[in-house]
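Dumped entry.cif below, it's mmCIF, C-alpha atoms:
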```
data_entry
#
loop_
_atom_site.label_atom_id
_atom_site.label_comp_id
_atom_site.auth_asym_id
_atom_site.auth_seq_id
_atom_site.Cartn_x
_atom_site.Cartn_y
_atom_site.Cartn_z
CA MET U 15 48.19 -119.19 5.57
CA ARG U 16 48.61 -117.38 2.26
CA ILE U 17 52.18 -117.51 1.02
CA LEU U 18 53.77 -115.12 -1.47
CA ALA U 19 56.78 -116.73 -3.17
CA LEU U 20 58.79 -113.85 -4.63
CA GLY U 21 61.19 -115.22 -7.22
CA GLY U 22 59.31 -118.50 -6.95
CA PRO U 23 60.15 -119.75 -10.46
CA GLY U 24 63.91 -119.51 -9.83
CA ALA U 25 65.89 -122.65 -9.09
CA MET U 26 65.86 -122.24 -5.29
CA GLY U 27 62.44 -120.65 -5.13
CA ALA U 28 60.87 -123.50 -7.09
CA VAL U 29 62.19 -126.06 -4.59
CA ALA U 30 60.84 -124.01 -1.69
CA VAL U 31 57.44 -123.71 -3.40
CA ARG U 32 57.33 -127.46 -4.11
CA VAL U 33 58.03 -128.33 -0.46
CA ALA U 34 55.85 -125.56 0.97
CA ALA U 35 52.86 -126.67 -1.10
CA ARG U 36 52.71 -129.88 0.92
CA LEU U 37 52.92 -128.25 4.34
CA PRO U 38 49.79 -128.38 6.50
CA GLY U 39 48.38 -124.91 7.00
CA VAL U 40 49.31 -123.49 3.60
CA THR U 41 46.05 -122.41 1.98
CA GLU U 42 47.43 -120.69 -1.14
CA ILE U 43 50.78 -119.94 -2.76
CA VAL U 44 51.13 -116.96 -5.08
CA VAL U 45 54.11 -117.62 -7.34
CA ALA U 46 55.44 -114.17 -8.23
CA ASP U 47 58.17 -113.09 -10.61
CA ARG U 48 58.94 -110.31 -13.07
CA ARG U 49 58.68 -113.02 -15.75
CA LEU U 50 54.99 -113.96 -15.72
CA GLU U 51 55.55 -116.85 -18.14
CA ALA U 52 58.03 -118.44 -15.70
CA ALA U 53 55.52 -118.14 -12.85
CA GLN U 54 52.79 -119.64 -14.99
CA SER U 55 55.05 -122.52 -16.01
CA LEU U 56 55.85 -123.44 -12.39
CA VAL U 57 52.18 -123.26 -11.39
CA ARG U 58 51.30 -125.65 -14.23
CA ARG U 59 54.13 -128.02 -13.31
CA LEU U 60 53.15 -128.22 -9.64
CA ALA U 61 49.38 -128.23 -10.15
CA GLY U 62 47.68 -130.84 -7.98
CA THR U 63 50.71 -131.47 -5.75
CA GLY U 64 49.43 -129.59 -2.72
CA ALA U 65 48.05 -126.16 -1.90
CA PRO U 66 46.36 -124.15 -4.68
CA MET U 67 48.70 -121.84 -6.59
CA ARG U 68 48.35 -118.90 -8.92
CA PRO U 69 50.91 -116.89 -10.88
CA LEU U 70 51.49 -113.17 -10.53
CA ARG U 71 53.79 -110.73 -12.26
CA VAL U 72 55.70 -108.64 -9.72
CA ASP U 73 58.68 -106.38 -10.26
CA VAL U 74 60.22 -105.86 -6.82
CA THR U 75 61.66 -102.51 -7.94
CA ALA U 76 58.12 -101.16 -8.50
CA ALA U 77 57.05 -100.10 -5.01
CA ALA U 78 53.27 -100.06 -5.58
CA GLU U 79 53.36 -103.41 -7.38
CA LEU U 80 55.37 -105.00 -4.59
CA ARG U 81 53.13 -103.58 -1.86
CA ALA U 82 50.00 -104.82 -3.64
CA ALA U 83 51.45 -108.34 -3.78
CA LEU U 84 52.55 -108.34 -0.14
CA GLU U 85 49.43 -106.99 1.57
CA PRO U 86 47.16 -110.04 1.06
CA ALA U 87 49.93 -112.48 2.09
CA ASP U 88 50.57 -113.80 5.59
CA VAL U 89 54.19 -114.77 4.86
CA VAL U 90 56.56 -113.92 2.02
CA LEU U 91 59.34 -116.26 0.92
CA ASN U 92 61.85 -113.95 -0.75
CA THR U 93 64.29 -115.67 -3.13
CA VAL U 94 64.97 -112.62 -5.29
CA GLY U 95 68.71 -112.04 -5.47
CA PRO U 96 71.33 -110.88 -5.32
CA TYR U 97 70.38 -109.57 -1.92
CA TYR U 98 72.83 -106.68 -1.96
CA TRP U 99 70.54 -105.28 -4.65
CA PHE U 100 67.07 -106.31 -3.48
CA GLY U 101 67.16 -107.53 0.15
CA MET U 102 66.43 -104.26 1.92
CA THR U 103 63.80 -103.25 -0.64
CA VAL U 104 61.69 -106.35 -0.09
CA LEU U 105 62.09 -106.52 3.70
CA ARG U 106 61.15 -102.84 4.13
CA ALA U 107 58.05 -103.40 1.99
CA ALA U 108 57.12 -106.53 3.97
CA ILE U 109 57.37 -104.64 7.26
CA ALA U 110 55.25 -101.81 5.86
CA ALA U 111 52.64 -104.33 4.67
CA GLY U 112 52.63 -106.27 7.97
CA THR U 113 53.73 -109.48 6.21
CA HIS U 114 56.00 -112.02 7.92
CA TYR U 115 59.21 -112.68 6.03
CA LEU U 116 61.81 -115.38 5.31
CA ASP U 117 64.66 -115.29 2.83
CA ILE U 118 67.88 -117.03 1.81
CA CYS U 119 70.10 -113.93 1.96
CA ASP U 120 73.73 -115.01 1.66
CA ASP U 121 75.35 -111.56 1.41
CA TRP U 122 76.87 -110.18 4.59
CA GLU U 123 76.38 -106.48 3.79
CA PRO U 124 72.56 -106.51 3.44
CA THR U 125 72.35 -108.92 6.37
CA GLN U 126 73.82 -106.20 8.57
CA GLN U 127 71.41 -103.66 7.10
CA MET U 128 68.36 -105.90 7.46
CA LEU U 129 69.18 -106.74 11.07
CA GLY U 130 69.13 -102.97 11.59
CA LEU U 131 65.39 -103.01 10.80
CA ASP U 132 64.70 -105.07 13.94
CA GLU U 133 62.94 -102.28 15.86
CA GLN U 134 60.74 -101.40 12.87
CA ALA U 135 59.71 -105.04 12.45
CA LEU U 136 59.06 -105.38 16.17
CA ALA U 137 56.83 -102.29 16.15
CA ALA U 138 54.91 -103.66 13.16
CA GLY U 139 54.52 -107.13 14.71
CA VAL U 140 56.41 -108.67 11.79
CA SER U 141 58.64 -111.72 12.25
CA ALA U 142 61.53 -111.88 9.78
CA VAL U 143 64.19 -114.59 9.45
CA VAL U 144 67.14 -113.62 7.28
CA GLY U 145 69.33 -116.32 5.71
CA MET U 146 67.29 -119.52 6.03
CA GLY U 147 69.01 -121.59 3.33
CA ALA U 148 72.00 -123.94 3.41
CA SER U 149 74.78 -121.48 4.22
CA PRO U 150 73.57 -119.44 5.95
CA GLY U 151 70.72 -121.46 7.44
CA VAL U 152 71.70 -125.08 8.02
CA SER U 153 75.22 -123.88 8.85
CA ASN U 154 73.87 -121.54 11.56
CA LEU U 155 71.91 -124.35 13.18
CA LEU U 156 74.94 -126.66 13.08
CA ALA U 157 76.88 -123.88 14.82
CA LEU U 158 74.12 -123.64 17.41
CA ARG U 159 74.48 -127.38 18.07
CA ALA U 160 78.25 -127.04 18.44
CA VAL U 161 78.07 -124.03 20.74
CA SER U 162 75.45 -125.71 22.93
CA MET U 163 78.07 -128.32 23.91
CA LEU U 164 80.33 -125.68 25.45
CA ASP U 165 79.87 -124.53 29.03
CA GLY U 166 81.96 -121.40 28.71
CA PRO U 167 82.50 -118.58 26.23
CA VAL U 168 83.00 -119.42 22.57
CA ARG U 169 86.54 -118.82 21.39
CA ASP U 170 86.63 -119.57 17.65
CA LEU U 171 83.64 -120.44 15.48
CA TYR U 172 83.78 -121.47 11.82
CA THR U 173 81.29 -122.75 9.28
CA ALA U 174 82.33 -124.45 6.05
CA TRP U 175 80.64 -125.64 2.87
CA PRO U 176 81.94 -127.43 -0.23
CA VAL U 177 82.32 -126.05 -3.73
CA ASP U 178 81.23 -128.52 -6.40
CA ILE U 179 84.42 -128.52 -8.41
CA SER U 180 84.24 -131.75 -10.42
CA SER U 181 82.59 -130.06 -13.40
CA PHE U 182 84.87 -127.02 -13.02
CA GLU U 183 87.95 -129.17 -13.49
CA ALA U 184 86.37 -130.62 -16.62
CA GLY U 185 86.10 -127.13 -18.08
CA GLY U 186 83.24 -125.30 -16.39
CA GLN U 187 80.77 -125.15 -13.54
CA ASP U 188 77.23 -126.47 -13.91
CA ASP U 189 75.58 -124.01 -16.31
CA GLU U 190 72.21 -124.44 -14.56
CA GLN U 191 73.72 -123.01 -11.37
CA LEU U 192 75.74 -120.26 -13.03
CA LEU U 193 73.70 -119.22 -16.08
CA ASP U 194 70.01 -118.37 -16.52
CA PRO U 195 68.11 -119.93 -19.44
CA ASP U 196 68.78 -116.71 -21.36
CA GLY U 197 72.54 -117.18 -20.93
CA ARG U 198 73.04 -114.43 -18.34
CA PRO U 199 74.83 -115.14 -15.03
CA THR U 200 72.49 -116.26 -12.25
CA ALA U 201 72.04 -114.23 -9.09
CA ALA U 202 73.91 -116.99 -7.24
CA ALA U 203 76.93 -116.64 -9.53
CA VAL U 204 76.95 -112.83 -9.24
CA HIS U 205 76.66 -113.16 -5.46
CA TRP U 206 79.66 -115.49 -5.40
CA MET U 207 81.80 -112.94 -7.22
CA GLU U 208 80.73 -110.25 -4.77
CA GLN U 209 81.78 -112.43 -1.84
CA ILE U 210 85.24 -113.36 -3.14
CA SER U 211 86.22 -109.76 -3.91
CA GLY U 212 86.89 -106.55 -2.02
CA LYS U 213 86.79 -106.99 1.76
CA VAL U 214 84.48 -109.29 3.69
CA ALA U 215 83.31 -109.44 7.30
CA VAL U 216 85.05 -111.77 9.75
CA VAL U 217 85.51 -111.81 13.50
CA ASP U 218 89.08 -111.38 14.73
CA ASP U 219 90.01 -111.07 18.40
CA GLY U 220 86.32 -110.77 19.19
CA ARG U 221 85.78 -107.79 16.89
CA LEU U 222 83.88 -107.65 13.60
CA VAL U 223 86.42 -106.52 11.02
CA HIS U 224 86.90 -106.55 7.25
CA ARG U 225 89.53 -108.74 5.59
CA ARG U 226 90.50 -109.85 2.08
CA PRO U 227 88.66 -113.05 1.08
CA LEU U 228 90.22 -116.33 -0.10
CA GLN U 229 92.81 -116.35 2.68
CA PRO U 230 93.59 -119.85 4.04
CA VAL U 231 92.45 -121.20 7.40
CA THR U 232 93.93 -124.53 8.48
CA LEU U 233 91.77 -126.49 10.90
CA THR U 234 91.83 -129.73 12.86
CA VAL U 235 88.21 -130.31 13.81
CA ALA U 236 88.54 -133.86 15.17
CA PRO U 237 91.10 -136.66 15.22
CA GLY U 238 91.80 -137.54 11.57
CA ARG U 239 89.79 -134.56 10.31
CA SER U 240 92.06 -131.73 9.20
CA GLY U 241 92.74 -129.59 6.17
CA THR U 242 92.71 -126.07 4.78
CA ALA U 243 89.66 -124.04 3.77
CA TYR U 244 89.36 -120.47 2.48
CA ILE U 245 87.54 -117.38 3.72
CA VAL U 246 84.56 -116.22 1.68
CA GLY U 247 82.12 -113.43 2.45
CA HIS U 248 78.89 -114.66 4.07
CA PRO U 249 76.51 -113.60 6.83
CA GLU U 250 77.54 -116.17 9.45
CA PRO U 251 80.36 -114.14 11.09
CA VAL U 252 78.06 -111.10 11.22
CA THR U 253 75.22 -112.93 12.95
CA PHE U 254 77.49 -115.07 15.16
CA HIS U 255 79.12 -111.88 16.46
CA ARG U 256 75.65 -110.88 17.70
CA SER U 257 74.38 -114.30 18.77
CA PHE U 258 77.42 -116.07 20.27
CA ARG U 259 80.04 -113.34 20.82
CA PRO U 260 83.11 -115.45 19.90
CA ALA U 261 86.13 -114.05 21.72
CA GLY U 262 88.57 -115.21 19.04
CA ARG U 263 87.90 -115.71 15.36
CA SER U 264 84.90 -116.51 13.20
CA ALA U 265 84.60 -116.82 9.44
CA ASN U 266 82.69 -118.64 6.75
CA LEU U 267 84.91 -120.98 4.72
CA MET U 268 84.89 -122.69 1.34
CA LEU U 269 86.26 -126.20 0.88
CA VAL U 270 87.81 -126.00 -2.56
CA THR U 271 90.58 -127.64 -4.57
CA PRO U 272 93.75 -125.65 -5.28
CA THR U 273 93.00 -125.29 -9.01
CA THR U 274 89.53 -123.90 -8.46
CA LEU U 275 90.82 -121.63 -5.71
CA ALA U 276 93.51 -120.29 -8.02
CA TYR U 277 90.95 -119.51 -10.74
CA LEU U 278 88.70 -117.75 -8.24
CA ASP U 279 91.66 -115.74 -6.97
CA LEU U 280 92.43 -114.56 -10.51
CA LEU U 281 88.83 -113.41 -10.86
CA ARG U 282 89.10 -111.66 -7.50
CA GLN U 283 92.16 -109.73 -8.62
CA ASP U 284 90.46 -108.65 -11.85
CA ILE U 285 87.30 -107.56 -10.02
CA ASP U 286 89.30 -105.58 -7.47
CA SER U 287 91.33 -103.89 -10.21
CA GLY U 288 88.21 -102.96 -12.19
CA LYS U 289 88.98 -105.21 -15.16
CA LEU U 290 85.85 -107.28 -14.44
CA THR U 291 82.47 -106.56 -12.87
CA ASN U 292 80.71 -109.13 -10.72
CA GLU U 293 78.55 -109.95 -13.75
CA THR U 294 81.39 -110.38 -16.24
CA ALA U 295 83.40 -112.35 -13.70
CA ALA U 296 80.41 -114.66 -13.15
CA ALA U 297 80.25 -115.24 -16.90
CA GLU U 298 83.98 -116.07 -16.87
CA LEU U 299 83.34 -118.56 -14.07
CA ALA U 300 80.60 -120.28 -16.02
CA ARG U 301 82.76 -120.49 -19.14
CA PRO U 302 86.40 -120.30 -18.06
CA SER U 303 88.80 -118.71 -20.52
CA VAL U 304 91.82 -120.71 -21.66
CA GLY U 305 94.22 -117.99 -20.55
CA ARG U 306 92.93 -117.77 -17.00
CA GLY U 307 92.71 -121.54 -16.82
CA LEU U 308 96.39 -121.92 -17.68
CA ARG U 309 97.39 -119.21 -15.21
CA ALA U 310 95.31 -120.89 -12.51
CA THR U 311 97.02 -124.22 -13.12
CA VAL U 312 100.38 -122.58 -12.50
CA THR U 313 99.36 -120.55 -9.46
CA ALA U 314 97.61 -123.56 -7.88
CA LEU U 315 101.01 -125.11 -7.15
CA GLY U 316 101.73 -124.94 -3.45
CA ARG U 317 98.17 -124.14 -2.38
CA LYS U 318 96.64 -126.49 0.16
CA GLY U 319 93.41 -128.45 -0.22
CA PRO U 320 90.61 -129.51 2.14
CA GLY U 321 92.32 -132.73 3.19
CA THR U 322 90.01 -134.82 5.36
CA LEU U 323 87.71 -132.04 6.56
CA PRO U 324 83.99 -132.95 6.46
CA PRO U 325 82.09 -131.52 3.48
CA PHE U 326 79.67 -129.33 5.47
CA PHE U 327 80.20 -128.46 9.13
CA ALA U 328 80.42 -125.96 11.96
CA THR U 329 83.20 -126.09 14.50
CA ALA U 330 83.57 -124.23 17.79
CA THR U 331 86.36 -124.07 20.34
CA GLY U 332 85.93 -123.28 23.99
CA THR U 333 85.71 -125.21 27.24
CA ARG U 334 83.60 -128.12 28.46
CA HIS U 335 83.80 -129.14 32.12
CA GLY U 336 86.80 -126.83 32.40
CA THR U 337 88.77 -128.53 29.61
CA PRO U 338 89.60 -126.86 26.27
CA VAL U 339 87.68 -128.67 23.54
CA THR U 340 86.79 -128.51 19.88
CA VAL U 341 83.17 -129.30 19.06
CA THR U 342 82.21 -130.09 15.48
CA ALA U 343 78.65 -130.49 14.24
CA ARG U 344 78.29 -131.98 10.78
CA LEU U 345 75.77 -133.75 8.65
CA ALA U 346 76.03 -137.53 8.85
CA ASP U 347 78.29 -139.34 6.36
CA THR U 348 75.46 -140.83 4.33
CA PRO U 349 74.28 -140.58 0.71
CA GLY U 350 71.85 -137.92 1.87
CA VAL U 351 74.69 -135.48 2.47
CA ALA U 352 75.65 -135.67 -1.19
CA THR U 353 71.99 -135.16 -2.09
CA LEU U 354 71.82 -132.02 0.04
CA THR U 355 75.22 -130.46 -0.66
CA GLY U 356 75.49 -131.50 -4.31
CA ASP U 357 72.41 -129.61 -5.50
CA MET U 358 72.42 -125.90 -4.66
CA ALA U 359 68.70 -125.50 -5.31
CA GLU U 360 67.67 -128.40 -3.04
CA ALA U 361 70.21 -127.45 -0.37
CA THR U 362 68.80 -123.92 -0.19
CA GLY U 363 65.12 -124.28 -1.04
CA VAL U 364 64.32 -127.16 1.32
CA PRO U 365 65.60 -125.37 4.47
CA LEU U 366 63.65 -122.24 3.51
CA ALA U 367 60.43 -124.23 3.36
CA LEU U 368 61.23 -125.98 6.65
CA GLY U 369 61.73 -122.57 8.25
CA LEU U 370 58.28 -121.65 6.97
CA ALA U 371 56.92 -124.83 8.60
CA GLN U 372 57.85 -123.43 12.00
CA PHE U 373 55.84 -120.26 11.28
CA LEU U 374 52.87 -122.40 10.28
CA ASP U 375 53.02 -124.45 13.46
CA GLY U 376 52.97 -121.36 15.62
CA LEU U 377 56.40 -121.88 17.14
CA PRO U 378 57.71 -118.78 18.91
CA VAL U 379 59.26 -116.89 16.01
CA ARG U 380 59.00 -113.58 17.81
CA PRO U 381 58.58 -110.25 16.00
CA GLY U 382 61.76 -108.55 14.84
CA VAL U 383 64.52 -109.37 12.36
CA HIS U 384 66.54 -112.44 13.30
CA PRO U 385 69.19 -114.82 12.01
CA PRO U 386 68.21 -118.51 12.05
CA GLU U 387 70.20 -119.41 15.17
CA SER U 388 68.17 -116.93 17.23
CA VAL U 389 64.64 -118.16 16.53
CA ILE U 390 64.56 -121.43 14.58
CA ASP U 391 64.18 -124.60 16.69
CA ALA U 392 67.25 -126.56 15.57
CA ASP U 393 66.07 -129.92 16.93
CA ARG U 394 62.75 -129.61 15.13
CA PHE U 395 64.48 -128.40 11.96
CA PHE U 396 66.88 -131.34 11.70
CA ARG U 397 64.11 -133.85 12.42
CA ASP U 398 62.15 -132.31 9.56
CA LEU U 399 65.22 -132.29 7.33
CA VAL U 400 65.89 -136.03 7.60
CA ARG U 401 62.31 -136.66 6.51
CA ARG U 402 62.80 -134.53 3.41
CA VAL U 403 66.28 -135.65 2.31
CA PRO U 404 66.45 -139.36 1.37
CA GLY U 405 69.36 -141.19 2.98
CA LEU U 406 70.35 -138.48 5.46
CA ARG U 407 69.39 -140.49 8.54
CA ALA U 408 72.16 -142.60 10.10
CA ASP U 409 72.07 -145.12 12.96
CA ASP U 410 74.33 -142.93 15.08
CA ALA U 411 72.56 -139.70 14.07
CA PRO U 412 68.79 -140.08 14.12
CA ASP U 413 68.31 -136.45 13.12
CA GLY U 414 71.12 -136.50 10.55
CA VAL U 415 73.60 -134.50 12.65
CA VAL U 416 76.81 -135.87 14.17
CA VAL U 417 78.36 -133.86 17.01
CA GLY U 418 81.91 -134.66 18.08
CA VAL U 419 83.79 -133.30 21.10
CA SER U 420 87.56 -133.66 21.31
CA PRO U 421 90.24 -132.19 23.60
CA THR U 422 91.99 -129.18 22.12
CA ASP U 423 95.57 -128.03 22.38
CA VAL U 424 94.61 -124.36 22.52
CA GLU U 425 97.79 -122.99 20.94
CA ALA U 426 98.01 -125.67 18.26
CA ALA U 427 94.36 -125.16 17.36
CA ARG U 428 94.86 -121.48 16.61
CA PRO U 429 94.72 -121.09 12.77
#
```
Transcribe the structure of this file into structure tokens.
Amino acid sequence: MRILALGGPGAMGAVAVRVAARLPGVTEIVVADRRLEAAQSLVRRLAGTGAPMRPLRVDVTAAAELRAALEPADVVLNTVGPYYWFGMTVLRAAIAAGTHYLDICDDWEPTQQMLGLDEQALAAGVSAVVGMGASPGVSNLLALRAVSMLDGPVRDLYTAWPVDISSFEAGGQDDEQLLDPDGRPTAAAVHWMEQISGKVAVVDDGRLVHRRPLQPVTLTVAPGRSGTAYIVGHPEPVTFHRSFRPAGRSANLMLVTPTTLAYLDLLRQDIDSGKLTNETAAAELARPSVGRGLRATVTALGRKGPGTLPPFFATATGTRHGTPVTVTARLADTPGVATLTGDMAEATGVPLALGLAQFLDGLPVRPGVHPPESVIDADRFFRDLVRRVPGLRADDAPDGVVVGVSPTDVEAARP
């Protein structure tokens, strides 16, 4: 298959290209970006590591240019963000060109819009998977594992991921994750500001509603595993509302220390008031100002932290054999978890490539626009993941996933 890697030279795209190049069935990868020099550099760096590659300059806002790049490709890996700017543009063009599609969309608004293109994709015979990264992506498949252990309706369903805050506390986040080589905020950083501001999608009382982000949710997911996490905008509640129909609550959560949370909340207030844009707030996150840092230190007092919650998990409540239970699916407590969750590019790019592997093997990724939990084979995915992430395998979790079931006091479990 011929693969078009849009945004391939970016941090996450480059990981996906590196892994995809070694997949059986990939005959060519076109590394495309608006910066031709960046595409050329990645092609040179990965030369001889797998499938043949060639660079191509593509501006996704130029319709004819994008269509010309898509038409010869069998599958496009779209890592051009932020997706609230470019997601619909690229997916519409892929459907028009008859090109299968995967992305790492982590914005809930375009996820809703792209799922709305399902009938168009079905009519065109195009299979599209939206949000095949870490969160969403791995988180969706962990949720699928958790839900599969219930024998009745899902009540509450949460996913959670950690914020790398060690460098933040030292005076700033990792510049490689937050700033481009030219010093501008990365798409990932701008996305983050979008998802901590305004209103975000959550499920409450079985209905998809909009709420203010960064509100606390206190969870006990297993004996000895409890703490507080914070709501952030992400696609998981949107797709879970369609896929699992939770009757209670569903949200995507950040595990974050009180000081980092307080700083993010100050940025949220300034974005909502119009003092900052997503871009200027992202720059403030990369290089925190002294004033905001001092204010955050004060306002952090009294806020709760993640306690003993696992670093990356999905948890579902419901019934099993007629008994109320909490089911938690998490990655095994091994060095491989730190490898996966500690590097945003690896954590996102590897799952994207492993989603592509299921296209290549002819697994039934049916036409239409789908979230990962609807069409990706979770068992196959996690088996592939442990082979790609050193140290993830554990004796009690041969595929790297630990699933725990514990009785639930229904009222006490309600956050």
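Every protein or nucleic acid residue with an atom no more than 9 Å from segment 380-384 of chain U, counting only C-alpha atoms and leaving out same-chain residues fewer than 4 positions away, appears here: His114, Tyr115, Met128, Leu129, Gly130, Leu131, Asp132, Glu133, Gln134, Ala135, Leu136, Ala137, Ala138, Gly139, Val140, Ser141, Ala142, Val143, Val144, Gly145, Thr253, Ser388 and Val389 of chain U.
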- Message: What would the selection look like, as a ChimeraX atom specification, if the PyMOL selection byres ((chain U and resi 220) around 9) were run on the coordinates I just shared?
- Response: /U:169-170,217-219,221-222,255,259-264
- Note on the structure: A straight line from atom CA of Pro421 of chain U to atom CA of Glu387 of chain U spans 25.2 Å
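Within the 8 Å cut-off around Arg159 of chain U, using only C-alpha atoms and omitting residues fewer than 3 positions from it on the same chain, the listed residues are Leu155, Leu156, Ser162, Met163, Ala343, Ala392 and Val417 of chain U.
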- Quick one: residues within 6 Å of Asp47 of chain U, only C-alpha atoms counted, chain neighbours fewer than 5 positions away excluded, as number ranges by chain? U: 21, 71-72
- Message: Which residues are near Arg309 of chain U? Cut-off 10 Å, all atoms listed in the file, ignore same chain within fewer than 3 positions. Put them as a list in words.
- Response: Thr273, Ala276, Tyr277, Leu280, Val304, Gly305, Arg306, Val312, Thr313 and Ala314 of chain U
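Straight-line separation from atom CA of Gly418 of chain U to atom CA of Asp398 of chain U: 21.6 Å.
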- Reference answer for the PyMOL selection byres ((chain U and resi 86) around 12), as JSON, numbers by chain: {"U": [15, 16, 17, 18, 42, 43, 44, 80, 81, 82, 83, 84, 85, 87, 88, 89, 90, 108, 111, 112, 113, 114]}
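Between Ala203 of chain U and the residues U:Asn266, U:Thr311, U:Asn292, U:Thr333, the shortest atom-to-atom distance, using all atoms listed in the file, involves U:Asn292.
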- Item | Sel. within 10 Å of pt (94.8, -124.7, 3.0), counting only C-alpha atoms, output as a PyMOL selection string | chain U and resi 229-233+240-244+269-272+316-321
- Near-Cys119 of chain U list (6 Å; all atoms listed in the file; drop same-chain fewer than 2 positions) as an MDAnalysis selection string: chainID U and resid 97 117 121 145
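The interatomic distance for the pair atom CA of Leu323 of chain U and atom CA of Val416 of chain U works out to 13.8 Å.
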- Item | Which residue of U:Glu250, U:Glu360, U:Asp165, U:Glu208 approaches Thr291 of chain U most closely, using only C-alpha atoms | U:Glu208
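When all atoms listed in the file are used to compute distances to Leu267 of chain U, the closest of the residues U:His248, U:Arg58, U:Arg282, U:His205 turns out to be U:His248.
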Have segment 310-322 of chain U completed to N, CA, C and O atoms, please, and pass it along as a compact mmCIF listing (two decimals), in the coordinates of the input.
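Okay, rebuild14.txt is ready:
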```
# COMPACT_ATOMS: atom_id res chain seq x y z
N ALA U 310 95.76 -120.27 -13.76
CA ALA U 310 95.31 -120.89 -12.51
C ALA U 310 96.06 -122.19 -12.25
O ALA U 310 96.40 -122.50 -11.10
N THR U 311 96.30 -122.96 -13.28
CA THR U 311 97.02 -124.22 -13.12
C THR U 311 98.41 -123.98 -12.54
O THR U 311 98.87 -124.72 -11.67
N VAL U 312 99.04 -122.91 -12.99
CA VAL U 312 100.38 -122.58 -12.50
C VAL U 312 100.33 -122.08 -11.06
O VAL U 312 101.08 -122.53 -10.18
N THR U 313 99.41 -121.15 -10.79
CA THR U 313 99.36 -120.55 -9.46
C THR U 313 98.77 -121.49 -8.41
O THR U 313 98.88 -121.22 -7.21
N ALA U 314 98.16 -122.59 -8.84
CA ALA U 314 97.61 -123.56 -7.88
C ALA U 314 98.71 -124.33 -7.16
O ALA U 314 98.48 -124.89 -6.08
N LEU U 315 99.91 -124.37 -7.75
CA LEU U 315 101.01 -125.11 -7.15
C LEU U 315 101.33 -124.54 -5.77
O LEU U 315 101.50 -123.32 -5.61
N GLY U 316 101.40 -125.38 -4.80
CA GLY U 316 101.73 -124.94 -3.45
C GLY U 316 100.54 -124.58 -2.59
O GLY U 316 100.69 -124.40 -1.38
N ARG U 317 99.36 -124.44 -3.20
CA ARG U 317 98.17 -124.14 -2.38
C ARG U 317 97.66 -125.43 -1.75
O ARG U 317 97.73 -126.50 -2.35
N LYS U 318 97.10 -125.32 -0.58
CA LYS U 318 96.64 -126.49 0.16
C LYS U 318 95.17 -126.77 -0.12
O LYS U 318 94.39 -125.86 -0.40
N GLY U 319 94.78 -128.03 0.01
CA GLY U 319 93.41 -128.45 -0.22
C GLY U 319 92.69 -128.79 1.07
O GLY U 319 93.24 -128.66 2.17
N PRO U 320 91.43 -129.27 0.95
CA PRO U 320 90.61 -129.51 2.14
C PRO U 320 90.98 -130.74 2.94
O PRO U 320 90.45 -130.93 4.04
N GLY U 321 91.88 -131.57 2.42
CA GLY U 321 92.32 -132.73 3.19
C GLY U 321 91.17 -133.63 3.59
O GLY U 321 90.37 -134.04 2.75
N THR U 322 91.05 -133.91 4.87
CA THR U 322 90.01 -134.82 5.36
C THR U 322 88.90 -134.09 6.12
O THR U 322 88.17 -134.69 6.90
```
